[in-house]
2 protein chains.
Amino acid sequence: MLARMPKPAKGKPRRRLDADAARALILDATEKRLVVVGPSGIRLQEVAADAGVSHPTVLHHFGSRDLLVKAVISRSLHAINASLVTAIEASGGDESRLEAMLDNVATALEESGHARVILWLVLEGHRIDGTDVRLTHVVDATHALRLARRPRGKATREDTARTVVLASLALVAGAVLAPTMLENAGLGGGPRSASDFRKWLARLLLAHFDA
Amino acid sequence: MLARMPKPAKGKPRRRLDADAARALILDATEKRLVVVGPSGIRLQEVAADAGVSHPTVLHHFGSRDLLVKAVISRSLHAINASLVTAIEASGGDESRLEAMLDNVATALEESGHARVILWLVLEGHRIDGTDVRLTHVVDATHALRLARRPRGKATREDTARTVVLASLALVAGAVLAPTMLENAGLGGGPRSASDFRKWLARLLLAHFDA
DNA sequence: GGATCAATGAACAATATTGTCAATAGCTCC
DNA sequence: GGAGCTATTGACAATATTGTTCATTGATCC
């Protein structure tokens, strides 16, 4: 007895999207939370509210909170990969434009909070294997350019790989703590300081390539 | 009526520490959690279990979860500062030992998970102002050594500051994602690879100083 | 030994969060 | 218009987490 209270027959209009659109909408909201609070900070109610649905709807489309998180992580990693590839390719093959390339990658990492996502994932112990982020391609391309620029140089691929790793570390970490560190080191604050730092880094790396 | 059920007079021996010892014990347990799961991942029950007390005891000593987290963050930042200072001082003033210094700082950042704590804090939006971490001192010391080494050089303090920032970014970020990145870049995995990378970085920075 | 003080924990309360279920309501096809 | 499908949601359940209360108990002081 006392069957579940039937609805009072109120008429709040209900929108209905097809499954794919709903999933995309929810994933968008989830990704925003991912950037800000990380995987473990994602809350179904907040995601649902941001997406403009109720939280059972989220569960209906993704099965569980865990599956939702996995889905958004997977989608984010693909997006990160794509944005990095385009950022690098947009800089052209001219390595004298290394500065522009660093700027492109840096903005790609900062906007949409991709750098934050990478750090969240690493801190929380999620695996980021070669399927997700491909550094070897960057290394190969960079090394080819380097050899083309200095045909007689005795630059090893190992050296180029380490240079790429250094730049990656600086850009990923820089996206979240360069402001703090630059300010703290006596260099000014603001985006200008970070931009100048990248410019300086580009010159440093080029000088290393030319050494 | 029905007053709270009195204890069944069981006799589990109860240890009793003075407040400072208890606080230290609890802070130790909290810091371990901080390194692994970050500030927002700290749970009173887990901390209490690790410390061997009940969770009301934790609240008794710290007032609230938030105050506990603030206390452990404050203590961790002081510890980080101290360990970095000793790591740098232990490397001596000889800048040809830059490699040793980078190794010392790197191990200081990795052991006890100090690098992880720094990144957790930045990601979760906690302020790390100049009171906590002092880079200007490192910059000043480094610049003085640089000038002493190359008295006629026209190295600016700005350049030295940027070099220090680059090294800091590489070491902090490297502590958590160097293994992934090195492996991903085609350089091997394991601590050996990271150590080689730091050695390479030391040579790069010294070369820059000598340029 | 006895009194006093503080640390401790069992039980409870309150809220947050995830997940379940069944009824409702858009949408498409006929 | 009607039937079928399923996206949607209100209500509920179950657990997790933080915080409170109070009796107990270890330690110190006299």
# chains A, B, ... in the order shown; residues from 1 in each chain; ligands from 1
call {"tool": "closest_atom_pairs", "arguments": {"of": "chain B", "to": "chain C", "cutoff": "7 Å", "atoms": "only C-alpha atoms (C1' of nucleotides)", "output": "tab-separated table"}}
result
residue	atom	partner	partner_atom	distance
B:Arg16	CA	C:DA7	C1'	6.3
B:Ser54	CA	C:DG9	C1'	6.3
B:Thr57	CA	C:DT8	C1'	6.5
call {"tool": "calpha_fit_and_write", "arguments": {"fixed": "chain A", "moving": "chain B", "output": "tab-separated table (two decimals) with C-alpha atoms, in the first residue's frame"}}
result
chain	number	residue	atom	x	y	z
B	1	MET	CA	-0.72	0.32	-0.43
B	2	LEU	CA	0.65	3.76	-0.30
B	3	ALA	CA	1.88	3.51	-3.84
B	4	ARG	CA	4.49	6.10	-4.75
B	5	MET	CA	2.90	9.49	-4.78
B	6	PRO	CA	1.79	10.11	-8.34
B	7	LYS	CA	2.75	13.33	-9.92
B	8	PRO	CA	0.49	16.27	-9.03
B	9	ALA	CA	-0.12	16.65	-12.73
B	10	LYS	CA	1.87	19.82	-12.92
B	11	GLY	CA	2.81	20.85	-16.39
B	12	LYS	CA	6.47	21.75	-16.63
B	13	PRO	CA	7.31	21.42	-20.30
B	14	ARG	CA	9.85	18.73	-20.84
B	15	ARG	CA	12.37	18.94	-23.62
B	16	ARG	CA	13.48	15.75	-25.25
B	17	LEU	CA	16.72	15.26	-27.16
B	18	ASP	CA	17.91	12.17	-28.93
B	19	ALA	CA	20.42	10.13	-27.00
B	20	ASP	CA	23.49	11.41	-28.83
B	21	ALA	CA	22.61	15.05	-28.32
B	22	ALA	CA	21.87	14.45	-24.65
B	23	ARG	CA	25.14	12.60	-24.18
B	24	ALA	CA	27.07	15.39	-25.86
B	25	LEU	CA	25.33	18.00	-23.75
B	26	ILE	CA	26.12	16.11	-20.57
B	27	LEU	CA	29.70	15.44	-21.61
B	28	ASP	CA	30.21	19.14	-22.24
B	29	ALA	CA	29.03	19.99	-18.77
B	30	THR	CA	31.14	17.19	-17.30
B	31	GLU	CA	34.26	18.37	-19.07
B	32	LYS	CA	33.90	21.83	-17.60
B	33	ARG	CA	33.79	20.31	-14.15
B	34	LEU	CA	36.72	18.04	-15.02
B	35	VAL	CA	38.90	21.02	-15.82
B	36	VAL	CA	38.02	22.82	-12.61
B	37	VAL	CA	37.75	20.12	-9.97
B	38	GLY	CA	39.32	17.06	-11.56
B	39	PRO	CA	37.88	13.58	-12.05
B	40	SER	CA	37.25	12.85	-8.38
B	41	GLY	CA	35.55	16.19	-7.88
B	42	ILE	CA	32.85	15.58	-10.46
B	43	ARG	CA	29.36	15.45	-8.92
B	44	LEU	CA	26.35	14.13	-10.72
B	45	GLN	CA	24.05	16.83	-9.46
B	46	GLU	CA	26.31	19.65	-10.54
B	47	VAL	CA	26.86	18.12	-13.95
B	48	ALA	CA	23.14	17.58	-14.34
B	49	ALA	CA	22.36	21.13	-13.28
B	50	ASP	CA	24.93	22.52	-15.72
B	51	ALA	CA	23.51	20.41	-18.50
B	52	GLY	CA	19.98	21.42	-17.60
B	53	VAL	CA	18.76	17.91	-16.83
B	54	SER	CA	18.08	15.91	-13.71
B	55	HIS	CA	20.75	13.63	-12.36
B	56	PRO	CA	18.87	10.40	-13.10
B	57	THR	CA	19.00	11.43	-16.74
B	58	VAL	CA	22.78	11.48	-16.51
B	59	LEU	CA	22.75	8.00	-15.03
B	60	HIS	CA	20.33	6.87	-17.69
B	61	HIS	CA	22.72	7.90	-20.43
B	62	PHE	CA	25.98	6.81	-18.87
B	63	GLY	CA	25.09	4.03	-16.49
B	64	SER	CA	27.07	5.23	-13.52
B	65	ARG	CA	29.20	8.08	-12.31
B	66	ASP	CA	32.32	6.06	-12.99
B	67	LEU	CA	31.38	5.39	-16.58
B	68	LEU	CA	30.59	9.05	-17.07
B	69	VAL	CA	34.01	10.02	-15.77
B	70	LYS	CA	35.69	7.47	-17.98
B	71	ALA	CA	33.77	8.75	-20.98
B	72	VAL	CA	34.69	12.37	-20.36
B	73	ILE	CA	38.34	11.50	-19.78
B	74	SER	CA	38.49	9.55	-22.99
B	75	ARG	CA	36.86	12.36	-24.93
B	76	SER	CA	39.12	14.96	-23.34
B	77	LEU	CA	42.27	13.03	-24.19
B	78	HIS	CA	41.21	12.79	-27.79
B	79	ALA	CA	40.44	16.49	-27.85
B	80	ILE	CA	43.81	17.27	-26.29
B	81	ASN	CA	45.59	15.19	-28.86
B	82	ALA	CA	43.72	16.81	-31.71
B	83	SER	CA	44.26	20.34	-30.47
B	84	LEU	CA	47.96	19.72	-29.98
B	85	VAL	CA	48.34	18.25	-33.45
B	86	THR	CA	46.61	21.20	-35.06
B	87	ALA	CA	48.53	23.67	-32.91
B	88	ILE	CA	51.81	22.15	-34.01
B	89	GLU	CA	50.83	21.80	-37.63
B	90	ALA	CA	49.50	25.35	-37.72
B	91	SER	CA	52.97	26.55	-36.82
B	92	GLY	CA	54.34	25.22	-40.08
B	93	GLY	CA	57.53	23.30	-40.59
B	94	ASP	CA	59.68	26.34	-40.14
B	95	GLU	CA	61.60	25.87	-36.96
B	96	SER	CA	62.55	29.51	-36.86
B	97	ARG	CA	58.94	29.89	-35.91
B	98	LEU	CA	59.54	27.87	-32.83
B	99	GLU	CA	58.33	30.79	-30.79
B	100	ALA	CA	54.99	30.80	-32.58
B	101	MET	CA	54.73	27.08	-32.11
B	102	LEU	CA	55.32	27.31	-28.39
B	103	ASP	CA	52.70	30.04	-28.20
B	104	ASN	CA	50.23	27.94	-30.14
B	105	VAL	CA	50.80	24.89	-27.98
B	106	ALA	CA	50.67	26.98	-24.83
B	107	THR	CA	47.34	28.53	-25.72
B	108	ALA	CA	46.03	25.13	-26.79
B	109	LEU	CA	47.01	23.79	-23.39
B	110	GLU	CA	45.59	26.70	-21.42
B	111	GLU	CA	42.34	27.34	-23.22
B	112	SER	CA	39.88	24.59	-22.44
B	113	GLY	CA	42.16	23.76	-19.54
B	114	HIS	CA	43.85	20.87	-21.28
B	115	ALA	CA	47.00	21.26	-19.24
B	116	ARG	CA	44.94	21.11	-16.08
B	117	VAL	CA	43.27	17.93	-17.26
B	118	ILE	CA	46.62	16.30	-17.95
B	119	LEU	CA	47.87	17.16	-14.48
B	120	TRP	CA	44.64	16.08	-12.80
B	121	LEU	CA	44.86	12.73	-14.51
B	122	VAL	CA	48.48	12.16	-13.64
B	123	LEU	CA	47.97	13.18	-10.02
B	124	GLU	CA	44.97	10.92	-9.64
B	125	GLY	CA	46.88	8.01	-11.09
B	126	HIS	CA	45.13	7.61	-14.41
B	127	ARG	CA	47.22	6.08	-17.11
B	128	ILE	CA	48.10	8.22	-20.11
B	129	ASP	CA	49.65	5.72	-22.45
B	130	GLY	CA	50.98	6.24	-25.94
B	131	THR	CA	47.51	5.80	-27.36
B	132	ASP	CA	46.44	9.06	-25.84
B	133	VAL	CA	49.36	11.38	-26.32
B	134	ARG	CA	51.96	10.79	-28.95
B	135	LEU	CA	55.26	12.50	-28.33
B	136	THR	CA	57.30	10.28	-30.63
B	137	HIS	CA	55.72	11.91	-33.66
B	138	VAL	CA	56.65	15.32	-32.40
B	139	VAL	CA	60.16	14.11	-31.68
B	140	ASP	CA	60.53	12.61	-35.15
B	141	ALA	CA	59.25	15.73	-36.86
B	142	THR	CA	61.42	17.99	-34.77
B	143	HIS	CA	64.49	15.89	-35.33
B	144	ALA	CA	63.95	15.85	-39.07
B	145	LEU	CA	63.69	19.62	-39.11
B	146	ARG	CA	66.76	19.89	-36.95
B	147	LEU	CA	68.80	17.73	-39.29
B	148	ALA	CA	67.55	19.64	-42.28
B	149	ARG	CA	68.60	22.88	-40.67
B	150	ARG	CA	72.05	21.63	-39.65
B	151	PRO	CA	72.90	18.79	-42.01
B	152	ARG	CA	76.40	18.45	-40.65
B	153	GLY	CA	75.36	18.65	-37.03
B	154	LYS	CA	75.83	15.62	-34.91
B	155	ALA	CA	72.55	16.02	-33.09
B	156	THR	CA	71.25	12.74	-31.77
B	157	ARG	CA	67.60	11.80	-31.70
B	158	GLU	CA	67.99	11.35	-27.97
B	159	ASP	CA	68.98	14.97	-27.57
B	160	THR	CA	66.03	16.11	-29.64
B	161	ALA	CA	63.71	13.90	-27.62
B	162	ARG	CA	64.95	15.41	-24.38
B	163	THR	CA	64.45	18.88	-25.79
B	164	VAL	CA	60.89	18.05	-26.70
B	165	VAL	CA	60.30	16.64	-23.23
B	166	LEU	CA	61.71	19.77	-21.64
B	167	ALA	CA	59.47	21.98	-23.73
B	168	SER	CA	56.47	19.79	-22.92
B	169	LEU	CA	57.16	19.88	-19.20
B	170	ALA	CA	57.63	23.63	-19.28
B	171	LEU	CA	54.43	24.22	-21.24
B	172	VAL	CA	52.18	21.84	-19.32
B	173	ALA	CA	53.44	22.92	-15.93
B	174	GLY	CA	53.68	26.51	-17.04
B	175	ALA	CA	50.02	26.57	-17.97
B	176	VAL	CA	49.07	26.17	-14.35
B	177	LEU	CA	51.92	27.56	-12.32
B	178	ALA	CA	53.91	29.87	-14.53
B	179	PRO	CA	52.02	32.92	-13.24
B	180	THR	CA	52.82	32.02	-9.65
B	181	MET	CA	56.42	31.16	-10.35
B	182	LEU	CA	57.17	34.14	-12.56
B	183	GLU	CA	55.67	36.50	-10.06
B	184	ASN	CA	57.58	34.71	-7.33
B	185	ALA	CA	60.86	34.92	-9.23
B	186	GLY	CA	60.65	38.67	-9.48
B	187	LEU	CA	59.48	38.76	-13.08
B	188	GLY	CA	56.15	40.47	-13.39
B	189	GLY	CA	52.79	38.77	-13.39
B	190	GLY	CA	50.13	38.55	-16.02
B	191	PRO	CA	50.00	36.95	-19.45
B	192	ARG	CA	52.67	39.30	-20.73
B	193	SER	CA	55.24	37.81	-18.44
B	194	ALA	CA	54.30	34.28	-19.50
B	195	SER	CA	54.49	35.22	-23.14
B	196	ASP	CA	57.92	36.75	-22.65
B	197	PHE	CA	59.01	33.61	-20.89
B	198	ARG	CA	57.95	31.45	-23.82
B	199	LYS	CA	59.76	33.77	-26.19
B	200	TRP	CA	62.89	33.40	-24.08
B	201	LEU	CA	62.42	29.62	-23.99
B	202	ALA	CA	62.12	29.47	-27.76
B	203	ARG	CA	65.41	31.31	-28.15
B	204	LEU	CA	67.05	29.02	-25.60
B	205	LEU	CA	65.92	25.89	-27.41
B	206	LEU	CA	66.93	27.23	-30.80
B	207	ALA	CA	70.33	28.16	-29.42
B	208	HIS	CA	70.70	24.64	-28.15
B	209	PHE	CA	69.79	23.25	-31.55
B	210	ASP	CA	72.36	25.50	-33.18
B	211	ALA	CA	75.10	24.74	-30.71
call {"tool": "interface_residues", "arguments": {"of": "chain D", "to": "chain B", "cutoff": "9 Å", "atoms": "only C-alpha atoms (C1' of nucleotides)", "output": "ChimeraX atom specification"}}
result
/D:17-19,22-27
call {"tool": "write_last_selection", "arguments": {"atoms": "C-alpha atoms (C1' of nucleotides)", "output": "PDB file, in the first residue's frame"}}
result
ATOM      1  C1'  DT D  17      30.818  12.008   5.266  1.00  0.00           C
ATOM      2  C1'  DT D  18      30.968  15.557   8.562  1.00  0.00           C
ATOM      3  C1'  DG D  19      29.785  17.201  12.889  1.00  0.00           C
ATOM      4  C1'  DC D  22      28.146  12.768  26.392  1.00  0.00           C
ATOM      5  C1'  DA D  23      29.900   9.157  29.252  1.00  0.00           C
ATOM      6  C1'  DT D  24      34.352   7.164  30.096  1.00  0.00           C
ATOM      7  C1'  DT D  25      39.075   7.078  31.247  1.00  0.00           C
ATOM      8  C1'  DG D  26      43.889   8.085  31.465  1.00  0.00           C
ATOM      9  C1'  DA D  27      47.001  11.390  33.512  1.00  0.00           C
TER      10       DA D  27
END
call {"tool": "select_by_dssp", "arguments": {"residues": "chain B", "states": "alpha helix (DSSP H)", "output": "number ranges by chain"}}
result
B: 19-37, 44-51, 55-62, 65-90, 98-110, 114-123, 135-149, 157-184, 190-210
call {"tool": "decode", "arguments": {"residues": "stretch 7-29 of chain C", "atoms": "N, CA and C atoms (P, O5', C5', C4', C3', O3' and C1' of nucleotides)", "output": "CSV table (one decimal), in the first residue's frame"}}
result
chain,number,residue,atom,x,y,z
C,7,DA,P,43.4,17.8,25.5
C,7,DA,O5',43.5,16.3,24.9
C,7,DA,C5',44.4,15.4,25.5
C,7,DA,C4',43.8,14.0,25.4
C,7,DA,C3',43.3,13.6,24.0
C,7,DA,O3',43.8,12.3,23.7
C,7,DA,C1',41.6,13.2,25.6
C,8,DT,P,43.7,11.7,22.3
C,8,DT,O5',42.5,10.7,22.3
C,8,DT,C5',42.5,9.7,23.3
C,8,DT,C4',41.1,9.1,23.4
C,8,DT,C3',40.5,8.7,22.1
C,8,DT,O3',40.5,7.4,21.8
C,8,DT,C1',38.9,9.6,23.7
C,9,DG,P,40.2,6.8,20.4
C,9,DG,O5',38.7,6.3,20.6
C,9,DG,C5',38.3,5.5,21.6
C,9,DG,C4',36.8,5.4,21.8
C,9,DG,C3',36.0,5.1,20.5
C,9,DG,O3',34.9,4.3,20.8
C,9,DG,C1',35.3,7.1,21.4
C,10,DA,P,34.6,3.1,19.8
C,10,DA,O5',33.0,2.8,20.2
C,10,DA,C5',32.7,2.6,21.5
C,10,DA,C4',31.2,3.1,21.8
C,10,DA,C3',30.2,2.8,20.7
C,10,DA,O3',29.0,2.3,21.3
C,10,DA,C1',30.3,5.1,21.0
C,11,DA,P,27.9,1.8,20.3
C,11,DA,O5',26.9,3.0,20.2
C,11,DA,C5',26.4,3.6,21.4
C,11,DA,C4',25.7,4.9,21.0
C,11,DA,C3',24.7,4.8,19.8
C,11,DA,O3',23.4,5.2,20.2
C,11,DA,C1',26.1,6.6,19.5
C,12,DC,P,22.2,5.0,19.2
C,12,DC,O5',22.0,6.5,18.6
C,12,DC,C5',22.1,7.6,19.6
C,12,DC,C4',22.2,8.9,18.8
C,12,DC,C3',21.3,9.1,17.6
C,12,DC,O3',20.4,10.2,17.9
C,12,DC,C1',23.6,9.8,17.2
C,13,DA,P,19.3,10.5,16.8
C,13,DA,O5',20.0,11.7,16.0
C,13,DA,C5',20.5,12.8,16.8
C,13,DA,C4',21.0,13.9,15.8
C,13,DA,C3',20.1,14.2,14.6
C,13,DA,O3',20.0,15.5,14.4
C,13,DA,C1',22.3,13.6,13.8
C,14,DA,P,18.9,16.1,13.4
C,14,DA,O5',19.8,16.6,12.2
C,14,DA,C5',21.0,17.3,12.4
C,14,DA,C4',21.7,17.5,11.1
C,14,DA,C3',20.8,17.7,9.9
C,14,DA,O3',21.2,18.8,9.1
C,14,DA,C1',22.3,16.0,9.5
C,15,DT,P,20.3,19.4,8.0
C,15,DT,O5',21.2,19.2,6.7
C,15,DT,C5',22.6,19.5,6.7
C,15,DT,C4',23.4,18.6,5.8
C,15,DT,C3',22.9,18.6,4.3
C,15,DT,O3',23.9,19.3,3.5
C,15,DT,C1',23.5,16.4,5.0
C,16,DA,P,23.6,19.5,2.0
C,16,DA,O5',24.5,18.4,1.3
C,16,DA,C5',25.7,18.0,2.0
C,16,DA,C4',26.5,17.0,1.2
C,16,DA,C3',26.3,17.1,-0.3
C,16,DA,O3',27.5,16.7,-0.9
C,16,DA,C1',25.5,15.0,0.6
C,17,DT,P,27.7,16.9,-2.5
C,17,DT,O5',27.6,15.4,-3.1
C,17,DT,C5',28.4,14.4,-2.6
C,17,DT,C4',27.9,13.1,-3.1
C,17,DT,C3',27.3,13.1,-4.5
C,17,DT,O3',28.2,12.3,-5.3
C,17,DT,C1',25.9,11.8,-3.1
C,18,DT,P,28.0,12.1,-6.9
C,18,DT,O5',27.4,10.6,-6.9
C,18,DT,C5',28.1,9.6,-6.2
C,18,DT,C4',27.3,8.3,-6.1
C,18,DT,C3',26.8,7.8,-7.4
C,18,DT,O3',27.2,6.4,-7.6
C,18,DT,C1',25.0,8.0,-5.8
C,19,DG,P,26.9,5.7,-9.0
C,19,DG,O5',25.5,5.0,-8.8
C,19,DG,C5',25.4,4.1,-7.7
C,19,DG,C4',23.9,3.7,-7.6
C,19,DG,C3',23.2,3.3,-8.8
C,19,DG,O3',22.6,2.0,-8.6
C,19,DG,C1',21.9,4.8,-7.6
C,20,DT,P,21.8,1.3,-9.8
C,20,DT,O5',20.3,1.4,-9.2
C,20,DT,C5',20.0,1.0,-7.9
C,20,DT,C4',18.5,1.0,-7.7
C,20,DT,C3',17.6,0.4,-8.8
C,20,DT,O3',16.6,-0.4,-8.3
C,20,DT,C1',16.9,2.7,-8.3
C,21,DC,P,15.8,-1.3,-9.3
C,21,DC,O5',14.4,-0.6,-9.4
C,21,DC,C5',13.9,0.0,-8.2
C,21,DC,C4',12.6,0.8,-8.5
C,21,DC,C3',11.8,0.3,-9.7
C,21,DC,O3',10.5,0.2,-9.4
C,21,DC,C1',12.2,2.6,-9.9
C,22,DA,P,9.5,-0.8,-10.3
C,22,DA,O5',8.3,0.2,-10.5
C,22,DA,C5',7.9,1.1,-9.5
C,22,DA,C4',7.4,2.4,-10.1
C,22,DA,C3',6.4,2.2,-11.3
C,22,DA,O3',5.3,3.1,-11.1
C,22,DA,C1',8.2,3.6,-11.9
C,23,DA,P,4.0,2.7,-11.9
C,23,DA,O5',3.5,4.2,-12.3
C,23,DA,C5',3.7,5.3,-11.4
C,23,DA,C4',4.0,6.6,-12.2
C,23,DA,C3',3.1,6.8,-13.4
C,23,DA,O3',2.6,8.1,-13.3
C,23,DA,C1',5.3,7.0,-14.0
C,24,DT,P,1.5,8.6,-14.3
C,24,DT,O5',2.3,9.6,-15.2
C,24,DT,C5',3.1,10.6,-14.6
C,24,DT,C4',4.0,11.3,-15.6
C,24,DT,C3',3.2,11.8,-16.9
C,24,DT,O3',3.5,13.1,-17.1
C,24,DT,C1',5.2,10.6,-17.5
C,25,DA,P,2.7,14.0,-18.1
C,25,DA,O5',3.6,14.2,-19.3
C,25,DA,C5',5.0,14.5,-19.1
C,25,DA,C4',5.8,14.4,-20.4
C,25,DA,C3',5.0,14.8,-21.6
C,25,DA,O3',5.9,15.4,-22.5
C,25,DA,C1',5.7,12.6,-21.9
C,26,DG,P,5.8,17.0,-22.9
C,26,DG,O5',7.0,17.2,-23.9
C,26,DG,C5',6.8,16.9,-25.2
C,26,DG,C4',8.0,16.1,-25.7
C,26,DG,C3',8.1,16.0,-27.2
C,26,DG,O3',9.4,16.2,-27.7
C,26,DG,C1',7.9,13.8,-26.3
C,27,DC,P,9.5,16.9,-29.1
C,27,DC,O5',9.7,15.7,-30.1
C,27,DC,C5',10.8,14.7,-29.8
C,27,DC,C4',10.5,13.5,-30.6
C,27,DC,C3',10.0,13.6,-32.0
C,27,DC,O3',11.0,13.3,-32.9
C,27,DC,C1',8.8,11.9,-30.8
C,28,DT,P,10.7,13.4,-34.5
C,28,DT,O5',10.3,11.9,-34.9
C,28,DT,C5',11.1,10.9,-34.4
C,28,DT,C4',10.5,9.5,-34.8
C,28,DT,C3',10.0,9.5,-36.3
C,28,DT,O3',10.4,8.3,-36.9
C,28,DT,C1',8.2,8.8,-34.9
C,29,DC,P,10.3,8.1,-38.5
C,29,DC,O5',9.2,6.9,-38.6
C,29,DC,C5',9.3,5.8,-37.7
C,29,DC,C4',8.0,5.0,-37.7
C,29,DC,C3',7.4,4.8,-39.1
C,29,DC,O3',7.0,3.5,-39.3
C,29,DC,C1',5.8,5.7,-37.6
